[in-house]
file structure26.cif (mmCIF, C-alpha atoms)
data_model
#
loop_
_atom_site.group_PDB
_atom_site.id
_atom_site.type_symbol
_atom_site.label_atom_id
_atom_site.label_comp_id
_atom_site.auth_asym_id
_atom_site.auth_seq_id
_atom_site.Cartn_x
_atom_site.Cartn_y
_atom_site.Cartn_z
ATOM 1 C CA MET K 1 13.987 -29.238 -0.922
ATOM 2 C CA LEU K 2 15.193 -29.129 -4.530
ATOM 3 C CA GLU K 3 13.025 -32.159 -5.275
ATOM 4 C CA LEU K 4 9.961 -30.295 -4.000
ATOM 5 C CA LEU K 5 10.629 -27.319 -6.255
ATOM 6 C CA THR K 6 11.339 -29.367 -9.408
ATOM 7 C CA ARG K 7 8.556 -31.918 -9.026
ATOM 8 C CA ALA K 8 5.929 -32.131 -11.775
ATOM 9 C CA GLY K 9 3.106 -29.690 -11.158
ATOM 10 C CA SER K 10 5.213 -27.373 -9.008
ATOM 11 C CA LEU K 11 6.603 -25.181 -11.803
ATOM 12 C CA PRO K 12 4.341 -22.099 -11.299
ATOM 13 C CA PHE K 13 4.931 -22.185 -7.557
ATOM 14 C CA SER K 14 8.692 -22.519 -7.957
ATOM 15 C CA VAL K 15 8.696 -19.612 -10.417
ATOM 16 C CA ALA K 16 6.702 -17.504 -7.926
ATOM 17 C CA LEU K 17 9.258 -18.166 -5.183
ATOM 18 C CA ALA K 18 12.125 -17.432 -7.578
ATOM 19 C CA LEU K 19 10.531 -14.083 -8.501
ATOM 20 C CA MET K 20 10.067 -13.241 -4.830
ATOM 21 C CA LEU K 21 13.746 -13.936 -4.142
ATOM 22 C CA MET K 22 14.740 -11.834 -7.166
ATOM 23 C CA PHE K 23 12.653 -8.874 -5.937
ATOM 24 C CA ALA K 24 14.116 -9.260 -2.443
ATOM 25 C CA LEU K 25 17.655 -9.258 -3.843
ATOM 26 C CA LEU K 26 16.944 -6.170 -5.952
ATOM 27 C CA GLN K 27 15.582 -4.411 -2.870
ATOM 28 C CA ILE K 28 18.740 -5.284 -0.941
ATOM 29 C CA VAL K 29 21.036 -3.921 -3.663
ATOM 30 C CA GLY K 30 18.888 -0.802 -4.027
ATOM 31 C CA ALA K 31 17.270 -1.495 -7.397
ATOM 32 C CA GLY K 32 13.746 -1.833 -6.005
ATOM 33 C CA ASP K 33 12.885 1.774 -6.866
ATOM 34 C CA PHE K 34 13.573 1.032 -10.525
ATOM 35 C CA LEU K 35 10.908 -1.664 -10.433
ATOM 36 C CA GLY K 36 8.384 0.689 -8.915
ATOM 37 C CA GLY K 37 8.811 -0.166 -5.261
ATOM 38 C CA ASP K 38 8.301 3.494 -4.370
ATOM 39 C CA ALA K 39 6.209 4.514 -7.349
ATOM 40 C CA ASP K 40 2.594 5.604 -7.093
ATOM 41 C CA VAL K 41 0.211 2.788 -7.956
ATOM 42 C CA ASP K 42 -3.341 3.762 -8.770
ATOM 43 C CA VAL K 43 -5.073 0.741 -7.273
ATOM 44 C CA HIS K 44 -8.497 2.126 -8.085
ATOM 45 C CA GLY K 45 -8.026 1.930 -11.827
ATOM 46 C CA GLY K 46 -9.561 5.347 -12.406
ATOM 47 C CA VAL K 47 -12.668 4.644 -10.352
ATOM 48 C CA HIS K 48 -13.457 7.143 -7.601
ATOM 49 C CA ALA K 49 -11.508 6.017 -4.571
ATOM 50 C CA GLY K 50 -14.291 6.805 -2.168
ATOM 51 C CA ALA K 51 -16.487 3.970 -3.362
ATOM 52 C CA SER K 52 -17.170 1.771 -0.370
ATOM 53 C CA VAL K 53 -17.181 -1.488 -2.354
ATOM 54 C CA ASP K 54 -13.748 -0.768 -3.856
ATOM 55 C CA ALA K 55 -12.315 0.329 -0.511
ATOM 56 C CA GLY K 56 -13.654 -2.772 1.208
ATOM 57 C CA LEU K 57 -12.283 -5.130 -1.443
ATOM 58 C CA LEU K 58 -8.874 -3.454 -1.479
ATOM 59 C CA SER K 59 -8.775 -3.588 2.310
ATOM 60 C CA ILE K 60 -9.522 -7.328 2.272
ATOM 61 C CA LEU K 61 -6.733 -7.906 -0.254
ATOM 62 C CA GLY K 62 -4.349 -5.763 1.777
ATOM 63 C CA ILE K 63 -3.630 -3.387 -1.111
ATOM 64 C CA GLY K 64 -2.702 0.011 0.220
ATOM 65 C CA ARG K 65 -1.598 -1.300 3.610
ATOM 66 C CA VAL K 66 2.023 -1.727 2.522
ATOM 67 C CA PRO K 67 4.033 -0.565 -0.526
ATOM 68 C CA PHE K 68 2.894 -2.404 -3.642
ATOM 69 C CA LEU K 69 6.179 -4.233 -4.229
ATOM 70 C CA MET K 70 6.089 -5.585 -0.688
ATOM 71 C CA TRP K 71 2.480 -6.702 -1.210
ATOM 72 C CA LEU K 72 3.505 -8.464 -4.427
ATOM 73 C CA MET K 73 6.369 -10.237 -2.673
ATOM 74 C CA VAL K 74 4.006 -11.449 0.051
ATOM 75 C CA LEU K 75 1.569 -12.710 -2.600
ATOM 76 C CA LEU K 76 4.309 -14.571 -4.495
ATOM 77 C CA THR K 77 5.569 -16.150 -1.274
ATOM 78 C CA VAL K 78 2.126 -17.283 -0.154
ATOM 79 C CA PHE K 79 1.250 -18.574 -3.626
ATOM 80 C CA GLY K 80 4.516 -20.488 -3.952
ATOM 81 C CA LEU K 81 4.582 -22.077 -0.509
ATOM 82 C CA LEU K 82 0.870 -22.868 -0.486
ATOM 83 C CA GLY K 83 1.024 -24.392 -3.962
ATOM 84 C CA ILE K 84 3.959 -26.658 -3.152
ATOM 85 C CA SER K 85 2.285 -27.705 0.110
ATOM 86 C CA VAL K 86 -0.941 -28.573 -1.705
ATOM 87 C CA GLN K 87 0.921 -30.617 -4.284
ATOM 88 C CA GLU K 88 2.761 -32.497 -1.521
ATOM 89 C CA LEU K 89 -0.555 -33.224 0.182
ATOM 90 C CA LEU K 90 -2.061 -34.467 -3.084
ATOM 91 C CA LEU K 91 0.991 -36.660 -3.634
ATOM 92 C CA ALA K 92 0.570 -38.207 -0.207
ATOM 93 C CA LEU K 93 -3.169 -38.779 -0.694
ATOM 94 C CA THR K 94 -3.313 -39.882 -4.342
ATOM 95 C CA GLY K 95 0.215 -41.030 -5.095
ATOM 96 C CA GLN K 96 0.842 -38.294 -7.647
ATOM 97 C CA THR K 97 0.847 -34.537 -8.034
ATOM 98 C CA TRP K 98 -1.941 -32.928 -10.001
ATOM 99 C CA SER K 99 -1.692 -30.748 -13.080
ATOM 100 C CA ALA K 100 -0.587 -27.198 -12.324
ATOM 101 C CA TRP K 101 -3.413 -25.999 -14.591
ATOM 102 C CA LEU K 102 -5.886 -27.372 -12.038
ATOM 103 C CA VAL K 103 -4.076 -26.520 -8.824
ATOM 104 C CA ALA K 104 -2.673 -23.046 -9.594
ATOM 105 C CA PRO K 105 -6.041 -21.225 -10.028
ATOM 106 C CA VAL K 106 -7.369 -22.660 -6.755
ATOM 107 C CA VAL K 107 -4.174 -21.828 -4.907
ATOM 108 C CA GLY K 108 -4.123 -18.322 -6.414
ATOM 109 C CA PHE K 109 -7.673 -17.661 -5.215
ATOM 110 C CA ALA K 110 -6.835 -18.956 -1.732
ATOM 111 C CA ALA K 111 -3.609 -16.937 -1.589
ATOM 112 C CA LEU K 112 -5.373 -13.569 -1.967
ATOM 113 C CA PRO K 113 -7.139 -13.403 1.437
ATOM 114 C CA ILE K 114 -4.076 -14.864 3.146
ATOM 115 C CA THR K 115 -1.934 -12.176 1.520
ATOM 116 C CA GLY K 116 -4.458 -9.571 2.649
ATOM 117 C CA ALA K 117 -4.292 -10.718 6.259
ATOM 118 C CA LEU K 118 -0.495 -10.750 6.264
ATOM 119 C CA SER K 119 -0.304 -7.326 4.588
ATOM 120 C CA ARG K 120 -2.660 -5.785 7.119
ATOM 121 C CA GLY K 121 -0.501 -7.204 9.901
ATOM 122 C CA LEU K 122 2.689 -5.884 8.303
ATOM 123 C CA GLY K 123 1.070 -2.498 7.777
ATOM 124 C CA ARG K 124 0.488 -2.200 11.514
ATOM 125 C CA ILE K 125 4.039 -3.042 12.573
ATOM 126 C CA ILE K 126 6.369 -1.601 9.942
ATOM 127 C CA PRO K 127 7.275 2.083 10.291
ATOM 128 C CA GLN K 128 5.661 4.152 7.569
ATOM 129 C CA ASP K 129 6.117 7.863 7.193
ATOM 130 C CA GLU K 130 3.946 7.722 4.121
ATOM 131 C CA THR K 131 2.574 5.096 1.777
ATOM 132 C CA SER K 132 2.871 5.145 -1.982
ATOM 133 C CA ALA K 133 0.335 2.399 -2.700
ATOM 134 C CA ILE K 134 -2.605 4.750 -3.281
ATOM 135 C CA ASP K 135 -3.465 7.654 -5.541
ATOM 136 C CA VAL K 136 -2.653 10.711 -3.413
ATOM 137 C CA ALA K 137 -5.500 12.617 -5.078
ATOM 138 C CA ILE K 138 -7.872 10.884 -2.640
ATOM 139 C CA LEU K 139 -6.333 12.954 0.158
ATOM 140 C CA VAL K 140 -8.251 16.023 -1.057
ATOM 141 C CA GLY K 141 -11.075 16.678 1.376
ATOM 142 C CA ARG K 142 -9.195 15.330 4.383
ATOM 143 C CA GLU K 143 -7.678 17.211 7.316
ATOM 144 C CA ALA K 144 -3.929 17.739 7.618
ATOM 145 C CA GLU K 145 -1.754 18.965 10.484
ATOM 146 C CA ILE K 146 1.121 21.337 9.817
ATOM 147 C CA LEU K 147 4.274 19.615 11.081
ATOM 148 C CA VAL K 148 7.129 21.955 10.258
ATOM 149 C CA GLY K 149 7.282 25.661 9.429
ATOM 150 C CA THR K 150 4.689 28.277 8.584
ATOM 151 C CA ALA K 151 2.741 28.019 5.348
ATOM 152 C CA THR K 152 1.897 31.139 3.369
ATOM 153 C CA ALA K 153 0.882 31.668 -0.253
ATOM 154 C CA GLY K 154 3.857 30.604 -2.381
ATOM 155 C CA ASN K 155 5.691 29.238 0.661
ATOM 156 C CA PRO K 156 4.382 25.748 1.514
ATOM 157 C CA ALA K 157 5.027 23.887 4.748
ATOM 158 C CA ARG K 158 5.148 20.186 5.471
ATOM 159 C CA GLY K 159 1.954 18.644 6.775
ATOM 160 C CA ARG K 160 0.688 15.196 7.676
ATOM 161 C CA VAL K 161 -2.619 13.699 6.557
ATOM 162 C CA PHE K 162 -4.106 10.252 7.146
ATOM 163 C CA ASP K 163 -5.825 8.376 4.313
ATOM 164 C CA HIS K 164 -8.937 6.229 4.655
ATOM 165 C CA TYR K 165 -6.735 3.240 5.558
ATOM 166 C CA GLY K 166 -5.324 5.171 8.525
ATOM 167 C CA GLN K 167 -1.856 5.475 6.975
ATOM 168 C CA PRO K 168 0.007 8.802 7.288
ATOM 169 C CA HIS K 169 1.266 10.833 4.325
ATOM 170 C CA ASN K 170 3.665 13.766 4.476
ATOM 171 C CA VAL K 171 2.550 16.414 1.976
ATOM 172 C CA MET K 172 3.441 20.008 1.132
ATOM 173 C CA VAL K 173 0.634 22.416 2.019
ATOM 174 C CA GLU K 174 0.030 26.080 1.345
ATOM 175 C CA PRO K 175 -3.054 28.304 1.845
ATOM 176 C CA ASP K 176 -5.606 28.414 -0.937
ATOM 177 C CA MET K 177 -6.234 32.089 -0.114
ATOM 178 C CA ALA K 178 -3.427 34.636 -0.245
ATOM 179 C CA ASP K 179 -4.286 36.295 3.075
ATOM 180 C CA GLN K 180 -4.108 33.110 5.140
ATOM 181 C CA ARG K 181 -1.162 31.544 6.965
ATOM 182 C CA PHE K 182 -0.856 28.202 8.724
ATOM 183 C CA VAL K 183 1.437 27.684 11.702
ATOM 184 C CA GLN K 184 2.978 24.531 13.180
ATOM 185 C CA GLY K 185 0.387 22.355 14.891
ATOM 186 C CA GLU K 186 -2.550 23.932 13.044
ATOM 187 C CA ARG K 187 -5.079 21.616 11.415
ATOM 188 C CA VAL K 188 -6.304 22.553 7.941
ATOM 189 C CA LEU K 189 -8.617 21.155 5.280
ATOM 190 C CA LEU K 190 -7.101 20.071 1.955
ATOM 191 C CA VAL K 191 -9.323 21.431 -0.810
ATOM 192 C CA ARG K 192 -7.384 20.790 -4.021
ATOM 193 C CA ARG K 193 -4.124 19.490 -5.432
ATOM 194 C CA GLU K 194 -1.678 21.074 -7.857
ATOM 195 C CA GLY K 195 0.939 18.480 -8.773
ATOM 196 C CA GLU K 196 2.673 17.506 -5.538
ATOM 197 C CA LEU K 197 1.339 20.577 -3.719
ATOM 198 C CA PHE K 198 -1.914 20.655 -1.758
ATOM 199 C CA LYS K 199 -3.969 23.809 -1.294
ATOM 200 C CA ALA K 200 -5.816 24.100 2.016
ATOM 201 C CA ILE K 201 -8.123 26.332 4.007
ATOM 202 C CA ALA K 202 -8.066 26.965 7.747
ATOM 203 C CA ARG K 203 -10.585 25.191 9.950
ATOM 204 C CA GLY K 204 -10.929 28.394 11.970
ATOM 205 C CA ASP K 205 -10.540 26.819 15.413
ATOM 206 C CA HIS K 206 -6.757 26.912 15.917
ATOM 207 C CA TYR K 207 -6.781 30.194 17.825
ATOM 208 C CA LEU K 208 -9.896 29.457 19.884
ATOM 209 C CA PRO K 209 -9.409 28.893 23.643
ATOM 210 C CA ARG K 210 -8.846 25.264 24.607
ATOM 211 C CA LEU K 211 -11.025 23.697 27.295
ATOM 212 C CA ASP K 212 -8.673 20.804 28.036
#
call {"tool": "encode", "arguments": {"input": "structure26.cif", "output": "structure tokens"}}
result
Amino acid sequence: MLELLTRAGSLPFSVALALMLMFALLQIVGAGDFLGGDADVDVHGGVHAGASVDAGLLSILGIGRVPFLMWLMVLLTVFGLLGISVQELLLALTGQTWSAWLVAPVVGFAALPITGALSRGLGRIIPQDETSAIDVAILVGREAEILVGTATAGNPARGRVFDHYGQPHNVMVEPDMADQRFVQGERVLLVRREGELFKAIARGDHYLPRLD
């Protein structure tokens, strides 16, 4: 195994695997937050998050499906293992490994969709109360359900809202109008954001008779 990692042409792939192991170790000892494992990552680079092209590309890459540090660890693992495997195949076919300058860009391009597929799979099976891999400002305009407590002006309650990836976020919600109040189980519309607090308006149907 050591021979595979130290063989000529395998340096970038070995470094990628070493970085992945370092991140994993830091997560185990609790230092992952310092590296931004739970920090907000604006994956849209300042572009409006509702753009369909951006959303489609990010979905293919798997960004936003899992926390960013986890996505990065998956990418490093795929890049490292795929690169070493390719070099071993080239060694068997040609009798020598190829230059990392030639192999690494091809492997990096191939690793992105594989990472996306694995991240989407992980995003469906790992428990997530909320995700930190998106800009939470994109939640404005979406519906939220009040989970705990009663929200009044100046007294927010905890609510849950789903982003365009289908991932849940727990947010603090209070009425945008002073005379409104939201009770547990009520669904409201998020209309603006003030720091970590979301202002909302009632949908107006919570107290209507239910037909089901």
call {"tool": "closest_atom_pairs", "arguments": {"input": "structure26.cif", "of": "region 98-154 of chain K", "to": "region 179-185 of chain K", "cutoff": "8 Å", "atoms": "only C-alpha atoms", "output": "CSV"}}
result
residue,atom,partner,partner_atom,distance
K:Glu145,CA,K:Gly185,CA,6.0
K:Ile146,CA,K:Gln184,CA,5.0
K:Leu147,CA,K:Gln184,CA,5.5
K:Val148,CA,K:Gln184,CA,5.7
K:Gly149,CA,K:Gln184,CA,5.8
K:Thr150,CA,K:Val183,CA,4.5
K:Ala151,CA,K:Phe182,CA,4.9
K:Thr152,CA,K:Arg181,CA,4.7
K:Ala153,CA,K:Gln180,CA,7.5
call {"tool": "atom_distance", "arguments": {"input": "structure26.cif", "atom1": "CA of Pro175 (chain K)", "atom2": "CA of Glu143 (chain K)"}}
result
13.2 Å
call {"tool": "closest_residue", "arguments": {"input": "structure26.cif", "among": "K:Val66, K:Ala8, K:Ile60, K:Leu72", "to": "Leu21 (chain K)", "atoms": "all atoms listed in the file"}}
result
K:Leu72
call {"tool": "resolve_selection", "arguments": {"input": "structure26.cif", "expression": "the PyMOL selection byres ((chain K and resi 202) around 7)", "output": "VMD selection string"}}
result
chain K and resid 188 to 189 200 to 201 203 to 204
call {"tool": "residues_around", "arguments": {"input": "structure26.cif", "residues": "Ser119 (chain K)", "least_positions_apart": "2", "cutoff": "12 Å", "atoms": "only C-alpha atoms", "output": "ChimeraX atom specification"}}
result
/K:58-75,78,111-117,121-126
call {"tool": "write_last_selection", "arguments": {"input": "structure26.cif", "atoms": "C-alpha atoms", "output": "mmCIF file, in the frame of the given file"}}
result
data_model
loop_
_atom_site.group_PDB
_atom_site.id
_atom_site.type_symbol
_atom_site.label_atom_id
_atom_site.label_comp_id
_atom_site.auth_asym_id
_atom_site.auth_seq_id
_atom_site.Cartn_x
_atom_site.Cartn_y
_atom_site.Cartn_z
ATOM 1 C CA LEU K 58 -8.874 -3.454 -1.479
ATOM 2 C CA SER K 59 -8.775 -3.588 2.310
ATOM 3 C CA ILE K 60 -9.522 -7.328 2.272
ATOM 4 C CA LEU K 61 -6.733 -7.906 -0.254
ATOM 5 C CA GLY K 62 -4.349 -5.763 1.777
ATOM 6 C CA ILE K 63 -3.630 -3.387 -1.111
ATOM 7 C CA GLY K 64 -2.702 0.011 0.220
ATOM 8 C CA ARG K 65 -1.598 -1.300 3.610
ATOM 9 C CA VAL K 66 2.023 -1.727 2.522
ATOM 10 C CA PRO K 67 4.033 -0.565 -0.526
ATOM 11 C CA PHE K 68 2.894 -2.404 -3.642
ATOM 12 C CA LEU K 69 6.179 -4.233 -4.229
ATOM 13 C CA MET K 70 6.089 -5.585 -0.688
ATOM 14 C CA TRP K 71 2.480 -6.702 -1.210
ATOM 15 C CA LEU K 72 3.505 -8.464 -4.427
ATOM 16 C CA MET K 73 6.369 -10.237 -2.673
ATOM 17 C CA VAL K 74 4.006 -11.449 0.051
ATOM 18 C CA LEU K 75 1.569 -12.710 -2.600
ATOM 19 C CA VAL K 78 2.126 -17.283 -0.154
ATOM 20 C CA ALA K 111 -3.609 -16.937 -1.589
ATOM 21 C CA LEU K 112 -5.373 -13.569 -1.967
ATOM 22 C CA PRO K 113 -7.139 -13.403 1.437
ATOM 23 C CA ILE K 114 -4.076 -14.864 3.146
ATOM 24 C CA THR K 115 -1.934 -12.176 1.520
ATOM 25 C CA GLY K 116 -4.458 -9.571 2.649
ATOM 26 C CA ALA K 117 -4.292 -10.718 6.259
ATOM 27 C CA GLY K 121 -0.501 -7.204 9.901
ATOM 28 C CA LEU K 122 2.689 -5.884 8.303
ATOM 29 C CA GLY K 123 1.070 -2.498 7.777
ATOM 30 C CA ARG K 124 0.488 -2.200 11.514
ATOM 31 C CA ILE K 125 4.039 -3.042 12.573
ATOM 32 C CA ILE K 126 6.369 -1.601 9.942
#
call {"tool": "residues_around", "arguments": {"input": "structure26.cif", "residues": "Gln96 (chain K)", "least_positions_apart": "4", "cutoff": "12 Å", "atoms": "only C-alpha atoms", "output": "number ranges by chain"}}
result
K: 7-10, 86-92
call {"tool": "write_last_selection", "arguments": {"input": "structure26.cif", "atoms": "C-alpha atoms", "output": "mmCIF file, keeping the file's coordinate frame"}}
result
data_model
loop_
_atom_site.group_PDB
_atom_site.id
_atom_site.type_symbol
_atom_site.label_atom_id
_atom_site.label_comp_id
_atom_site.auth_asym_id
_atom_site.auth_seq_id
_atom_site.Cartn_x
_atom_site.Cartn_y
_atom_site.Cartn_z
ATOM 1 C CA ARG K 7 8.556 -31.918 -9.026
ATOM 2 C CA ALA K 8 5.929 -32.131 -11.775
ATOM 3 C CA GLY K 9 3.106 -29.690 -11.158
ATOM 4 C CA SER K 10 5.213 -27.373 -9.008
ATOM 5 C CA VAL K 86 -0.941 -28.573 -1.705
ATOM 6 C CA GLN K 87 0.921 -30.617 -4.284
ATOM 7 C CA GLU K 88 2.761 -32.497 -1.521
ATOM 8 C CA LEU K 89 -0.555 -33.224 0.182
ATOM 9 C CA LEU K 90 -2.061 -34.467 -3.084
ATOM 10 C CA LEU K 91 0.991 -36.660 -3.634
ATOM 11 C CA ALA K 92 0.570 -38.207 -0.207
#
call {"tool": "resolve_selection", "arguments": {"input": "structure26.cif", "expression": "the PyMOL selection byres ((chain K and resi 19) around 12)", "output": "list in words"}}
result
Pro12, Phe13, Ser14, Val15, Ala16, Leu17, Ala18, Met20, Leu21, Met22, Phe23, Ala24, Leu25, Leu26, Leu69, Leu72, Met73, Val74, Leu75, Leu76, Thr77, Phe79 and Gly80 of chain K
call {"tool": "write_last_selection", "arguments": {"input": "structure26.cif", "atoms": "C-alpha atoms", "output": "mmCIF file, keeping the file's coordinate frame"}}
result
data_model
loop_
_atom_site.group_PDB
_atom_site.id
_atom_site.type_symbol
_atom_site.label_atom_id
_atom_site.label_comp_id
_atom_site.auth_asym_id
_atom_site.auth_seq_id
_atom_site.Cartn_x
_atom_site.Cartn_y
_atom_site.Cartn_z
ATOM 1 C CA PRO K 12 4.341 -22.099 -11.299
ATOM 2 C CA PHE K 13 4.931 -22.185 -7.557
ATOM 3 C CA SER K 14 8.692 -22.519 -7.957
ATOM 4 C CA VAL K 15 8.696 -19.612 -10.417
ATOM 5 C CA ALA K 16 6.702 -17.504 -7.926
ATOM 6 C CA LEU K 17 9.258 -18.166 -5.183
ATOM 7 C CA ALA K 18 12.125 -17.432 -7.578
ATOM 8 C CA MET K 20 10.067 -13.241 -4.830
ATOM 9 C CA LEU K 21 13.746 -13.936 -4.142
ATOM 10 C CA MET K 22 14.740 -11.834 -7.166
ATOM 11 C CA PHE K 23 12.653 -8.874 -5.937
ATOM 12 C CA ALA K 24 14.116 -9.260 -2.443
ATOM 13 C CA LEU K 25 17.655 -9.258 -3.843
ATOM 14 C CA LEU K 26 16.944 -6.170 -5.952
ATOM 15 C CA LEU K 69 6.179 -4.233 -4.229
ATOM 16 C CA LEU K 72 3.505 -8.464 -4.427
ATOM 17 C CA MET K 73 6.369 -10.237 -2.673
ATOM 18 C CA VAL K 74 4.006 -11.449 0.051
ATOM 19 C CA LEU K 75 1.569 -12.710 -2.600
ATOM 20 C CA LEU K 76 4.309 -14.571 -4.495
ATOM 21 C CA THR K 77 5.569 -16.150 -1.274
ATOM 22 C CA PHE K 79 1.250 -18.574 -3.626
ATOM 23 C CA GLY K 80 4.516 -20.488 -3.952
#
call {"tool": "atom_distance", "arguments": {"input": "structure26.cif", "atom1": "CA of Leu118 (chain K)", "atom2": "CA of Pro168 (chain K)"}}
result
19.6 Å
call {"tool": "atom_distance", "arguments": {"input": "structure26.cif", "atom1": "CA of Val171 (chain K)", "atom2": "CA of Arg120 (chain K)"}}
result
23.4 Å
call {"tool": "closest_residue", "arguments": {"input": "structure26.cif", "among": "K:Ala178, K:Ile138, K:Leu82, K:Leu11", "to": "Val107 (chain K)", "atoms": "all atoms listed in the file"}}
result
K:Leu82
call {"tool": "residues_around", "arguments": {"input": "structure26.cif", "residues": "Met172 (chain K)", "least_positions_apart": "3", "cutoff": "9 Å", "atoms": "only C-alpha atoms", "output": "PyMOL selection string"}}
result
chain K and resi 156-160+196-199
call {"tool": "write_last_selection", "arguments": {"input": "structure26.cif", "atoms": "C-alpha atoms", "output": "PDB file, in the frame of the given file"}}
result
ATOM      1  CA  PRO K 156       4.382  25.748   1.514  1.00  0.00           C
ATOM      2  CA  ALA K 157       5.027  23.887   4.748  1.00  0.00           C
ATOM      3  CA  ARG K 158       5.148  20.186   5.471  1.00  0.00           C
ATOM      4  CA  GLY K 159       1.954  18.644   6.775  1.00  0.00           C
ATOM      5  CA  ARG K 160       0.688  15.196   7.676  1.00  0.00           C
ATOM      6  CA  GLU K 196       2.673  17.506  -5.538  1.00  0.00           C
ATOM      7  CA  LEU K 197       1.339  20.577  -3.719  1.00  0.00           C
ATOM      8  CA  PHE K 198      -1.914  20.655  -1.758  1.00  0.00           C
ATOM      9  CA  LYS K 199      -3.969  23.809  -1.294  1.00  0.00           C
TER      10      LYS K 199
END
call {"tool": "decode", "arguments": {"input": "structure26.cif", "residues": "region 81-100 of chain K", "atoms": "N, CA and C atoms", "output": "PDB file, in the first residue's frame"}}
result
ATOM      1  N   LEU K  81      -8.311   8.210  -4.391  1.00  0.00           N
ATOM      2  CA  LEU K  81      -8.439   6.795  -4.744  1.00  0.00           C
ATOM      3  C   LEU K  81      -8.529   6.599  -6.251  1.00  0.00           C
ATOM      4  N   LEU K  82      -9.282   7.483  -6.919  1.00  0.00           N
ATOM      5  CA  LEU K  82      -9.413   7.360  -8.369  1.00  0.00           C
ATOM      6  C   LEU K  82      -8.079   7.623  -9.058  1.00  0.00           C
ATOM      7  N   GLY K  83      -7.353   8.617  -8.572  1.00  0.00           N
ATOM      8  CA  GLY K  83      -6.054   8.936  -9.179  1.00  0.00           C
ATOM      9  C   GLY K  83      -5.055   7.800  -9.044  1.00  0.00           C
ATOM     10  N   ILE K  84      -4.960   7.225  -7.857  1.00  0.00           N
ATOM     11  CA  ILE K  84      -4.034   6.105  -7.657  1.00  0.00           C
ATOM     12  C   ILE K  84      -4.456   4.912  -8.503  1.00  0.00           C
ATOM     13  N   SER K  85      -5.758   4.658  -8.606  1.00  0.00           N
ATOM     14  CA  SER K  85      -6.238   3.546  -9.427  1.00  0.00           C
ATOM     15  C   SER K  85      -5.903   3.751 -10.895  1.00  0.00           C
ATOM     16  N   VAL K  86      -6.059   4.977 -11.376  1.00  0.00           N
ATOM     17  CA  VAL K  86      -5.733   5.274 -12.775  1.00  0.00           C
ATOM     18  C   VAL K  86      -4.244   5.082 -13.029  1.00  0.00           C
ATOM     19  N   GLN K  87      -3.428   5.546 -12.115  1.00  0.00           N
ATOM     20  CA  GLN K  87      -1.985   5.380 -12.290  1.00  0.00           C
ATOM     21  C   GLN K  87      -1.594   3.902 -12.277  1.00  0.00           C
ATOM     22  N   GLU K  88      -2.231   3.100 -11.440  1.00  0.00           N
ATOM     23  CA  GLU K  88      -1.955   1.666 -11.420  1.00  0.00           C
ATOM     24  C   GLU K  88      -2.372   1.010 -12.732  1.00  0.00           C
ATOM     25  N   LEU K  89      -3.500   1.451 -13.279  1.00  0.00           N
ATOM     26  CA  LEU K  89      -3.949   0.920 -14.565  1.00  0.00           C
ATOM     27  C   LEU K  89      -2.981   1.293 -15.677  1.00  0.00           C
ATOM     28  N   LEU K  90      -2.527   2.559 -15.668  1.00  0.00           N
ATOM     29  CA  LEU K  90      -1.556   2.991 -16.679  1.00  0.00           C
ATOM     30  C   LEU K  90      -0.241   2.237 -16.543  1.00  0.00           C
ATOM     31  N   LEU K  91       0.159   1.940 -15.320  1.00  0.00           N
ATOM     32  CA  LEU K  91       1.382   1.173 -15.101  1.00  0.00           C
ATOM     33  C   LEU K  91       1.252  -0.232 -15.677  1.00  0.00           C
ATOM     34  N   ALA K  92       0.081  -0.827 -15.490  1.00  0.00           N
ATOM     35  CA  ALA K  92      -0.130  -2.176 -16.007  1.00  0.00           C
ATOM     36  C   ALA K  92      -0.182  -2.192 -17.535  1.00  0.00           C
ATOM     37  N   LEU K  93      -0.730  -1.123 -18.124  1.00  0.00           N
ATOM     38  CA  LEU K  93      -0.907  -1.094 -19.580  1.00  0.00           C
ATOM     39  C   LEU K  93       0.347  -0.627 -20.318  1.00  0.00           C
ATOM     40  N   THR K  94       1.068   0.331 -19.743  1.00  0.00           N
ATOM     41  CA  THR K  94       2.188   0.952 -20.459  1.00  0.00           C
ATOM     42  C   THR K  94       3.540   0.664 -19.819  1.00  0.00           C
ATOM     43  N   GLY K  95       3.532   0.083 -18.635  1.00  0.00           N
ATOM     44  CA  GLY K  95       4.796  -0.213 -17.975  1.00  0.00           C
ATOM     45  C   GLY K  95       5.323   0.920 -17.127  1.00  0.00           C
ATOM     46  N   GLN K  96       4.611   2.051 -17.094  1.00  0.00           N
ATOM     47  CA  GLN K  96       5.053   3.163 -16.263  1.00  0.00           C
ATOM     48  C   GLN K  96       3.860   4.058 -15.913  1.00  0.00           C
ATOM     49  N   THR K  97       4.002   4.774 -14.815  1.00  0.00           N
ATOM     50  CA  THR K  97       2.968   5.752 -14.472  1.00  0.00           C
ATOM     51  C   THR K  97       3.183   7.008 -15.301  1.00  0.00           C
ATOM     52  N   TRP K  98       2.124   7.765 -15.471  1.00  0.00           N
ATOM     53  CA  TRP K  98       2.199   8.987 -16.252  1.00  0.00           C
ATOM     54  C   TRP K  98       2.427  10.179 -15.340  1.00  0.00           C
ATOM     55  N   SER K  99       2.781  11.303 -15.939  1.00  0.00           N
ATOM     56  CA  SER K  99       3.012  12.518 -15.171  1.00  0.00           C
ATOM     57  C   SER K  99       1.728  12.958 -14.458  1.00  0.00           C
ATOM     58  N   ALA K 100       1.872  13.349 -13.209  1.00  0.00           N
ATOM     59  CA  ALA K 100       0.715  13.824 -12.448  1.00  0.00           C
ATOM     60  C   ALA K 100       0.099  15.064 -13.083  1.00  0.00           C
TER      61      ALA K 100
END
